[in-house]
4 protein chains.
Amino acid sequence: MKLALIGAGRIGKVHAAAIAAHPEIVLAGVCDHDPAAARRLAETHDGQVLAVDAVFDDAEIDAVLIASSTPTHADYLECAARAGKAILCEKPIALDLTRTREALAVLAAHPVTCALGFNRRHDPQFAALKQAIVEGRIGQLETLTLISRDPSPPPAEYVDASGGLFRDMTIHDFDMARWLLDEPIHAIHAEGACLIDPAIGAAGDIDTAMITLVTASGRLCHIDNSRRASYGYDQRIEAFGSLGMLQAQNETETRLRFAGAAGQVEENPQPFFLERYARAYRRELDDFVASWREGRSPLAGAEDGLQALRLASAADLSRREGRRVALSEID
Amino acid sequence: MKLALIGAGRIGKVHAAAIAAHPEIVLAGVCDHDPAAARRLAETHDGQVLAVDAVFDDAEIDAVLIASSTPTHADYLECAARAGKAILCEKPIALDLTRTREALAVLAAHPVTCALGFNRRHDPQFAALKQAIVEGRIGQLETLTLISRDPSPPPAEYVDASGGLFRDMTIHDFDMARWLLDEPIHAIHAEGACLIDPAIGAAGDIDTAMITLVTASGRLCHIDNSRRASYGYDQRIEAFGSLGMLQAQNETETRLRFAGAAGQVEENPQPFFLERYARAYRRELDDFVASWREGRSPLAGAEDGLQALRLASAADLSRREGRRVALSEID
Amino acid sequence: MKLALIGAGRIGKVHAAAIAAHPEIVLAGVCDHDPAAARRLAETHDGQVLAVDAVFDDAEIDAVLIASSTPTHADYLECAARAGKAILCEKPIALDLTRTREALAVLAAHPVTCALGFNRRHDPQFAALKQAIVEGRIGQLETLTLISRDPSPPPAEYVDASGGLFRDMTIHDFDMARWLLDEPIHAIHAEGACLIDPAIGAAGDIDTAMITLVTASGRLCHIDNSRRASYGYDQRIEAFGSLGMLQAQNETETRLRFAGAAGQVEENPQPFFLERYARAYRRELDDFVASWREGRSPLAGAEDGLQALRLASAADLSRREGRRVALSEID
Amino acid sequence: MKLALIGAGRIGKVHAAAIAAHPEIVLAGVCDHDPAAARRLAETHDGQVLAVDAVFDDAEIDAVLIASSTPTHADYLECAARAGKAILCEKPIALDLTRTREALAVLAAHPVTCALGFNRRHDPQFAALKQAIVEGRIGQLETLTLISRDPSPPPAEYVDASGGLFRDMTIHDFDMARWLLDEPIHAIHAEGACLIDPAIGAAGDIDTAMITLVTASGRLCHIDNSRRASYGYDQRIEAFGSLGMLQAQNETETRLRFAGAAGQVEENPQPFFLERYARAYRRELDDFVASWREGRSPLAGAEDGLQALRLASAADLSRREGRRVALSEID
């Protein structure tokens, strides 16, 4: 697969390294609105700098990986679809439902392989948890708990561009909930608070949240979010069912344990998503290439992006109005 | 302390054993509406059978432990207060707020030492968690998660008499939430489902629940309940704060670990509350005797019973009406 | 069972409390060469002070618990056997093999129930490990590792009276090895060092040791001892076999876990044997009463004391001569 | 660094993959006595097949990685040294001390960068443990325990060529002991048994061993080996010191935990060395390139190979003669 990388920022670099190490992908080039950033990243991986328009015009390029800033995602995705390129797009497609639906319409008219960057589905531990549920290890899944806490809050200025905690951070949990529950969500109740950084509150957002999802058949899901955890990046899942419980625990760099006068001490979780999901980013790329090669759907696609965004919108409405929201209200 | 035990059923037996082993308590006698049950338990502990009225009339008896059936609690509590006896009463005082408030009024008029059987406050692990919060180990407490799952559901017939899941089972979590958050609860949202035993649903109750509490200052608390856990009695707490997190984990009979072809296996949690809270029942009695001797309030009292019941009532309303309920609505 | 307690020191107090709580034992009285100590302990448990001779003469007394200083054990044991009393004797019977064999000869001539205080056999976790081996959970047991470290070293003056590390501390591990391996020990190699307190070395003893035992069939056992562990009383066992491994882990007061910037911290093991083996002391007494009542052998008897002492003697010889010692040399 | 890989077997493939992914190494070619094997591996990594003599004659080649069969190691190492190539040689240099010493003499005469493949020193967890000891985290190191168990025994035919358990398997533990104790070993006592596969015993070897090392200053080290562990590749270290204890625990693929009626189950350790030490092989290569570039000694060198082999020889002597052996005997 000959692939162009659009976006040379933090997440672009992660993808560039994974692309370079992938035996089936050739890096066609790197695009970025900042030519210097594009050049630095291109040089690191023996690639060239490309203008984004040239990418869509180049018949030899099979695929694009969209890792540019959020507001550009939908445009690039539509261009790529129209040009018949396979697409791996970072989430979200857009921050609002209307724009997202437009992009999905273009994809419907120009069917190409389109994977969305819900990296957690590709984490080996979460994948093993999903597999165990599917195999019936815990019988009927009844309740699900997702804990997702960042190591430290973003600057308050980031809040606006990000779409807020539900669209920026919880969106991953919404996707995991949909994937693991494997059933439509019927209703949602969200509570949020600004307990960490008053500037986030002043910017109209929250930094702490608890959300309850109810599925059509009555199963329950709890999401616990915080923008700051003193002990690192906290990423856990608990799936409870009629025959047992599965717990995905935090991962650490090593298993070294120290015992001294002050207690038995183990390492904290890996610091942030780059470390925690390093394996997931590699597997995400594997799945993208394989789905393109085999003509099958990738593990997460554009429709999953839309549905996660609907949940984020419903959560926003629930929190702002202080009430339970039926998903049927969000359209 | 010369103490009479009212109630010779399951929980009465637990208390009788703790009383027998307590160096400062003399068992004055055992009362039960079933004279044979009273006699069997009295004989086990070298005590005598007493009529309940005789207990209240006997000036030599310092205290009563009310462990009879729930509908009798408020009556016996009032009699004991009027007779000037110290009281350790199993929860709840009553299943409705009106009757509970009447009993509190009698207590106000006849001030005696009155402890309520919220046994979990006396659990050494939960007490250590509370202590660590108070000492500032995790900085400001921001979110709290209480997981409480029974090993197996009660018969559906039990549901009616019990007042339902929120009043019977979650009541303990409501009390723990109040105790650990140490701040008024402002609002509640409760979701429930009947996923385990349809007969429980037919009886108008639920067997699975997720509840969110919001405090006056905006802190959040999640309660997770199930009437059945295949792996035993699941009793965990997670307190998350600005400087760290405390986790109370399940306790096991031993720490024996087996490694074989199928994995690394550790013991399941202790089977049910008799085993899990054996130490708590002994410490509850210690606190009761000490508070009586020292003329101070016990760790949990009648007002705590009332407030936990208000939360249960609010949870019921929230679930039935599918909406967030302000605690100010419950009066 | 009417039982007299001989010895009102540290371990005597532990036994006195267990006796007081035991439903089948009546404390006939307490003896000690220090009358004030005997009186204090007797008063605590509503017992009386007895002269030790009076105990052996009193036909109403069924049993004695010998918890006096080590040099008196063999004499009291012989007196008790001749008087037909059941005996629970703290280990060791004596510090040398000759005196121990004399005591065993008296027991052979006067057969009474005689239990030896190898408390670890009664620990619930070690008992569960033994049970799992017997049930074949790990197939053929091949290697065994015993880790036993005290929280802090005794004063060097203690060393002489104690018989040294192998007879005083490792003796418990020798007994556990014999019990778990369930096969004669063929050879032993012991290494020791004085790494903690030079005064212990000056007194002719060691504070750190590693010992290898070889059974008749070639199975191997490792014992790891230290007189000081900064993190508390370290008591672990690992049994490795053809089908798996069993690990007895340290026990803690609670399972509370703290996560903060410095890592994930769990409690240290219980501080010392009084806490760690509190359950074992109660079960030891249960086994003693039951074996007396049923006329069967207790879980550990006088012969076990002799055999553990033979291993300690062999270890001493091995270390002093810097060579592997065959058990057949020790007689 | 332009590097030729000598040996296209199992371990050669591991190194080839690490070489291919290394940014500073160019694979000059692959040699193997089996041309088909060399060709397959060369093709996988876009390299060419080379005759081994051509490697030593090619002035453009900077380095060789010797991963051929053990009997060829010393010859190739000497050729490479004489040709002035940097060397990364799989352990052991040879199975006997004389041949090893000859090779070291050639290296002394032709000083080149020479790293020996003691991969465990490069494991991130063991490296962190070493670092913590060096930093004084546990005060004075007093005892060390190394547990090293393979998942399943090799065929008995393998035994002869391998030099036996001590030279083939324990050699890694001997190196870790030397590295972590950081002090000359004074004496050794080894016990071995054939408990797993009688064919191994018939071939004159053992499959189970326990070894004690004593350092010059009296510190103690225990090594526990088995050729078969039902639960996977067991690689643990425990370092005990005056201020604390460090435990390197087994690593697992994920941290997923299952709780059901049969207990709480976690994953077994990674299956074997390829998985467990994948990171170590990459870091070993990093250290090799860096030491060559910087002109410094690599983390493990030829002298370390000699000293570990001396310990293996001493262990053999100890076991065969049933006695403690002073290292001064081995020369």
# chains A, B, ... in the order shown; residues from 1 in each chain; ligands from 1
>>> interface_residues(of="chain D", to="chain C", cutoff="6 Å", atoms="only C-alpha atoms", output="PDB file with N, CA, C and O atoms, in the first residue's frame")
ATOM      1  N   ALA D 193      18.742 -32.952  40.121  1.00  0.00           N
ATOM      2  CA  ALA D 193      17.978 -34.200  40.078  1.00  0.00           C
ATOM      3  C   ALA D 193      17.344 -34.335  38.709  1.00  0.00           C
ATOM      4  O   ALA D 193      17.163 -33.349  37.993  1.00  0.00           O
ATOM      5  N   GLY D 218      30.452 -12.926  51.960  1.00  0.00           N
ATOM      6  CA  GLY D 218      29.498 -13.738  52.709  1.00  0.00           C
ATOM      7  C   GLY D 218      28.050 -13.601  52.283  1.00  0.00           C
ATOM      8  O   GLY D 218      27.165 -14.203  52.889  1.00  0.00           O
ATOM      9  N   SER D 230       4.634 -25.940  33.953  1.00  0.00           N
ATOM     10  CA  SER D 230       3.338 -26.120  33.278  1.00  0.00           C
ATOM     11  C   SER D 230       2.680 -24.796  32.921  1.00  0.00           C
ATOM     12  O   SER D 230       1.828 -24.734  32.056  1.00  0.00           O
ATOM     13  N   LEU D 243      17.472  -2.507  53.500  1.00  0.00           N
ATOM     14  CA  LEU D 243      16.380  -1.517  53.518  1.00  0.00           C
ATOM     15  C   LEU D 243      15.165  -1.935  52.725  1.00  0.00           C
ATOM     16  O   LEU D 243      14.191  -1.188  52.640  1.00  0.00           O
ATOM     17  N   GLY D 244      15.195  -3.098  52.101  1.00  0.00           N
ATOM     18  CA  GLY D 244      14.019  -3.491  51.344  1.00  0.00           C
ATOM     19  C   GLY D 244      14.290  -4.651  50.418  1.00  0.00           C
ATOM     20  O   GLY D 244      15.367  -5.256  50.438  1.00  0.00           O
ATOM     21  N   ARG D 323      29.633 -32.083  47.062  1.00  0.00           N
ATOM     22  CA  ARG D 323      30.321 -31.258  48.053  1.00  0.00           C
ATOM     23  C   ARG D 323      30.373 -29.801  47.584  1.00  0.00           C
ATOM     24  O   ARG D 323      30.199 -29.498  46.407  1.00  0.00           O
ATOM     25  N   ARG D 324      30.588 -28.947  48.529  1.00  0.00           N
ATOM     26  CA  ARG D 324      30.790 -27.527  48.283  1.00  0.00           C
ATOM     27  C   ARG D 324      32.131 -27.346  47.576  1.00  0.00           C
ATOM     28  O   ARG D 324      33.138 -27.961  47.948  1.00  0.00           O
TER      29      ARG D 324
END
>>> select_by_dssp(residues="segment 8-195 of chain D", states="alpha helix (DSSP H)", output="PyMOL selection string")
chain D and resi 10-21+35-44+52-57+73-82+97-109+124-134+156-162+165-168+170-181
>>> residues_around(residues="segment 304-316 of chain B", least_positions_apart="5", cutoff="7 Å", atoms="only C-alpha atoms", output="mmCIF file with N, CA, C and O atoms, in the first residue's frame")
data_model
loop_
_atom_site.group_PDB
_atom_site.id
_atom_site.type_symbol
_atom_site.label_atom_id
_atom_site.label_comp_id
_atom_site.auth_asym_id
_atom_site.auth_seq_id
_atom_site.Cartn_x
_atom_site.Cartn_y
_atom_site.Cartn_z
ATOM 1 N N LYS B 91 -30.332 -2.053 60.779
ATOM 2 C CA LYS B 91 -30.978 -1.177 59.800
ATOM 3 C C LYS B 91 -32.022 -1.996 59.056
ATOM 4 O O LYS B 91 -31.859 -3.203 58.953
ATOM 5 N N PRO B 92 -33.087 -1.393 58.524
ATOM 6 C CA PRO B 92 -33.471 0.004 58.684
ATOM 7 C C PRO B 92 -34.348 0.176 59.912
ATOM 8 O O PRO B 92 -34.868 -0.807 60.439
ATOM 9 N N ILE B 93 -34.509 1.421 60.360
ATOM 10 C CA ILE B 93 -35.459 1.685 61.446
ATOM 11 C C ILE B 93 -36.851 1.338 60.961
ATOM 12 O O ILE B 93 -37.613 0.663 61.640
ATOM 13 N N LEU B 97 -40.330 6.796 55.365
ATOM 14 C CA LEU B 97 -39.756 7.964 56.024
ATOM 15 C C LEU B 97 -40.595 8.431 57.211
ATOM 16 O O LEU B 97 -40.053 8.850 58.240
ATOM 17 N N THR B 100 -40.011 6.351 60.240
ATOM 18 C CA THR B 100 -38.642 6.588 60.702
ATOM 19 C C THR B 100 -38.561 7.902 61.475
ATOM 20 O O THR B 100 -37.961 7.995 62.550
ATOM 21 N N LEU B 116 -26.914 2.599 64.887
ATOM 22 C CA LEU B 116 -27.617 1.881 63.827
ATOM 23 C C LEU B 116 -26.627 0.950 63.128
ATOM 24 O O LEU B 116 -25.462 1.304 62.932
ATOM 25 N N PHE B 166 -33.206 -0.879 46.503
ATOM 26 C CA PHE B 166 -32.613 0.370 47.002
ATOM 27 C C PHE B 166 -32.683 0.469 48.526
ATOM 28 O O PHE B 166 -31.753 0.951 49.170
ATOM 29 N N ARG B 167 -33.825 0.037 49.108
ATOM 30 C CA ARG B 167 -33.983 0.156 50.567
ATOM 31 C C ARG B 167 -33.304 -0.982 51.325
ATOM 32 O O ARG B 167 -32.987 -0.859 52.501
ATOM 33 N N ILE B 171 -29.043 0.589 50.425
ATOM 34 C CA ILE B 171 -29.059 1.421 51.626
ATOM 35 C C ILE B 171 -27.658 1.478 52.275
ATOM 36 O O ILE B 171 -27.223 2.527 52.754
ATOM 37 N N PHE B 174 -25.615 3.792 50.142
ATOM 38 C CA PHE B 174 -26.005 5.187 50.395
ATOM 39 C C PHE B 174 -25.334 5.674 51.680
ATOM 40 O O PHE B 174 -24.836 6.793 51.744
ATOM 41 N N ASP B 175 -25.331 4.814 52.688
ATOM 42 C CA ASP B 175 -24.689 5.243 53.926
ATOM 43 C C ASP B 175 -23.181 5.423 53.746
ATOM 44 O O ASP B 175 -22.606 6.397 54.240
ATOM 45 N N ILE B 188 -29.688 12.966 42.615
ATOM 46 C CA ILE B 188 -29.470 11.535 42.388
ATOM 47 C C ILE B 188 -30.107 11.131 41.059
ATOM 48 O O ILE B 188 -31.142 11.673 40.659
ATOM 49 N N HIS B 189 -29.438 10.225 40.379
ATOM 50 C CA HIS B 189 -30.043 9.616 39.199
ATOM 51 C C HIS B 189 -29.839 8.113 39.307
ATOM 52 O O HIS B 189 -28.717 7.647 39.501
ATOM 53 N N ALA B 190 -30.922 7.367 39.183
ATOM 54 C CA ALA B 190 -30.841 5.914 39.344
ATOM 55 C C ALA B 190 -31.404 5.207 38.130
ATOM 56 O O ALA B 190 -32.462 5.581 37.611
ATOM 57 N N VAL B 325 -33.415 13.356 40.272
ATOM 58 C CA VAL B 325 -34.232 13.852 41.371
ATOM 59 C C VAL B 325 -33.361 14.686 42.309
ATOM 60 O O VAL B 325 -32.256 14.263 42.675
ATOM 61 N N LEU B 327 -32.581 16.068 45.956
ATOM 62 C CA LEU B 327 -32.887 15.545 47.284
ATOM 63 C C LEU B 327 -33.903 16.419 48.004
ATOM 64 O O LEU B 327 -34.636 15.951 48.879
ATOM 65 N N ILE B 330 -37.441 15.242 48.437
ATOM 66 C CA ILE B 330 -37.775 14.124 49.336
ATOM 67 C C ILE B 330 -37.898 14.646 50.757
ATOM 68 O O ILE B 330 -36.904 15.020 51.381
#
>>> closest_residue(among="B:Ile206, B:Leu3, B:Leu104, B:Leu285", to="Thr170 of chain B", atoms="only C-alpha atoms")
B:Ile206
>>> residues_around(residues="segment 293-300 of chain B", least_positions_apart="4", cutoff="9 Å", atoms="only C-alpha atoms", output="PyMOL selection string")
chain B and resi 1+113-119+121-122+284+287-289+304-305
>>> atom_distance(atom1="atom CA of Leu41 of chain D", atom2="atom CA of Ala17 of chain D")
9.5 Å
>>> select_by_dssp(residues="segment 18-253 of chain D", states="strand (DSSP E or B)", output="PyMOL selection string")
chain D and resi 26-31+49+63-66+86-89+114-116+141-149+185-193+208-215+220-226+234-241+244-248
>>> residues_around(residues="Tyr158 of chain A", least_positions_apart="6", cutoff="12 Å", atoms="only C-alpha atoms", output="PDB file with N, CA, C and O atoms, in the first residue's frame")
ATOM      1  N   GLY A 164     -15.042  19.990  23.698  1.00  0.00           N
ATOM      2  CA  GLY A 164     -15.397  19.683  25.083  1.00  0.00           C
ATOM      3  C   GLY A 164     -15.115  18.234  25.441  1.00  0.00           C
ATOM      4  O   GLY A 164     -14.872  17.395  24.578  1.00  0.00           O
ATOM      5  N   LEU A 165     -15.135  17.967  26.757  1.00  0.00           N
ATOM      6  CA  LEU A 165     -14.756  16.643  27.266  1.00  0.00           C
ATOM      7  C   LEU A 165     -15.504  15.498  26.600  1.00  0.00           C
ATOM      8  O   LEU A 165     -14.902  14.489  26.222  1.00  0.00           O
ATOM      9  N   ASP A 168     -14.301  15.080  22.962  1.00  0.00           N
ATOM     10  CA  ASP A 168     -12.859  14.944  22.782  1.00  0.00           C
ATOM     11  C   ASP A 168     -12.307  13.703  23.477  1.00  0.00           C
ATOM     12  O   ASP A 168     -11.479  12.984  22.923  1.00  0.00           O
ATOM     13  N   ALA A 199     -10.330  27.282  35.097  1.00  0.00           N
ATOM     14  CA  ALA A 199     -10.281  27.875  33.758  1.00  0.00           C
ATOM     15  C   ALA A 199     -11.058  27.028  32.760  1.00  0.00           C
ATOM     16  O   ALA A 199     -11.636  27.539  31.800  1.00  0.00           O
ATOM     17  N   ILE A 200     -11.071  25.726  32.980  1.00  0.00           N
ATOM     18  CA  ILE A 200     -11.854  24.846  32.102  1.00  0.00           C
ATOM     19  C   ILE A 200     -13.337  25.141  32.278  1.00  0.00           C
ATOM     20  O   ILE A 200     -14.094  25.218  31.315  1.00  0.00           O
ATOM     21  N   ALA A 203     -14.258  28.274  30.609  1.00  0.00           N
ATOM     22  CA  ALA A 203     -14.374  28.087  29.162  1.00  0.00           C
ATOM     23  C   ALA A 203     -15.625  27.298  28.799  1.00  0.00           C
ATOM     24  O   ALA A 203     -15.825  26.930  27.641  1.00  0.00           O
ATOM     25  N   GLY A 204     -16.438  26.991  29.794  1.00  0.00           N
ATOM     26  CA  GLY A 204     -17.719  26.341  29.512  1.00  0.00           C
ATOM     27  C   GLY A 204     -17.667  24.822  29.481  1.00  0.00           C
ATOM     28  O   GLY A 204     -18.616  24.177  29.046  1.00  0.00           O
ATOM     29  N   ASP A 205     -16.580  24.260  29.952  1.00  0.00           N
ATOM     30  CA  ASP A 205     -16.490  22.803  29.906  1.00  0.00           C
ATOM     31  C   ASP A 205     -16.354  22.228  31.315  1.00  0.00           C
ATOM     32  O   ASP A 205     -16.360  22.959  32.305  1.00  0.00           O
TER      33      ASP A 205
END
>>> atom_distance(atom1="atom CA of His33 of chain C", atom2="atom CA of Ile87 of chain C")
19.2 Å
>>> atom_distance(atom1="atom CA of Arg279 of chain A", atom2="atom CA of Pro124 of chain A")
7.4 Å
>>> residues_around(residues="Leu129 of chain C", least_positions_apart="3", cutoff="8 Å", atoms="only C-alpha atoms", output="PyMOL selection string")
(chain B and resi 256) or (chain C and resi 125-126+132-133+246-248)
>>> write_last_selection(atoms="all heavy atoms", output="compact mmCIF listing (two decimals), in the first residue's frame")
# COMPACT_ATOMS: atom_id res chain seq x y z
N LEU B 256 -3.55 -17.87 48.95
CA LEU B 256 -2.95 -18.96 48.16
C LEU B 256 -3.20 -18.73 46.66
O LEU B 256 -4.30 -18.37 46.25
CB LEU B 256 -3.55 -20.30 48.59
CG LEU B 256 -2.83 -21.55 48.08
CD1 LEU B 256 -1.40 -21.62 48.59
CD2 LEU B 256 -3.58 -22.81 48.50
N GLN C 125 -3.72 -20.81 55.44
CA GLN C 125 -3.19 -20.76 54.09
C GLN C 125 -2.21 -21.91 53.83
O GLN C 125 -2.27 -22.58 52.79
CB GLN C 125 -2.47 -19.42 53.84
CG GLN C 125 -2.08 -19.28 52.40
CD GLN C 125 -1.49 -17.93 52.02
OE1 GLN C 125 -1.26 -17.70 50.84
NE2 GLN C 125 -1.26 -17.04 52.94
N PHE C 126 -1.34 -22.17 54.79
CA PHE C 126 -0.39 -23.28 54.61
C PHE C 126 -1.14 -24.61 54.59
O PHE C 126 -0.77 -25.54 53.86
CB PHE C 126 0.68 -23.26 55.70
CG PHE C 126 1.55 -22.03 55.68
CD1 PHE C 126 2.29 -21.66 56.80
CD2 PHE C 126 1.66 -21.24 54.53
CE1 PHE C 126 3.12 -20.53 56.78
CE2 PHE C 126 2.48 -20.10 54.52
CZ PHE C 126 3.20 -19.75 55.64
N ALA C 132 -3.90 -28.93 48.92
CA ALA C 132 -3.86 -28.91 47.45
C ALA C 132 -2.77 -29.85 46.92
O ALA C 132 -2.96 -30.51 45.89
CB ALA C 132 -3.61 -27.48 46.95
N ILE C 133 -1.66 -29.95 47.62
CA ILE C 133 -0.61 -30.89 47.22
C ILE C 133 -1.15 -32.32 47.34
O ILE C 133 -1.03 -33.13 46.42
CB ILE C 133 0.65 -30.72 48.09
CG1 ILE C 133 1.31 -29.37 47.82
CG2 ILE C 133 1.64 -31.86 47.82
CD1 ILE C 133 2.47 -29.05 48.77
N LEU C 246 2.09 -23.83 43.56
CA LEU C 246 1.28 -23.18 44.58
C LEU C 246 2.15 -22.17 45.30
O LEU C 246 3.29 -22.47 45.66
CB LEU C 246 0.76 -24.21 45.59
CG LEU C 246 -0.31 -25.16 45.06
CD1 LEU C 246 -0.35 -26.42 45.89
CD2 LEU C 246 -1.68 -24.48 45.04
N GLN C 247 1.59 -20.99 45.52
CA GLN C 247 2.33 -19.96 46.24
C GLN C 247 1.50 -19.46 47.42
O GLN C 247 0.41 -18.92 47.22
CB GLN C 247 2.64 -18.77 45.31
CG GLN C 247 3.63 -19.11 44.21
CD GLN C 247 3.77 -17.97 43.22
OE1 GLN C 247 2.79 -17.56 42.59
NE2 GLN C 247 4.98 -17.45 43.09
N ALA C 248 2.03 -19.64 48.61
CA ALA C 248 1.41 -19.02 49.78
C ALA C 248 2.05 -17.64 49.93
O ALA C 248 3.26 -17.53 50.08
CB ALA C 248 1.65 -19.87 51.02
>>> closest_residue(among="B:Gly260, B:Arg39, B:Arg282, B:Pro153", to="Ala20 of chain B", atoms="only C-alpha atoms")
B:Arg282
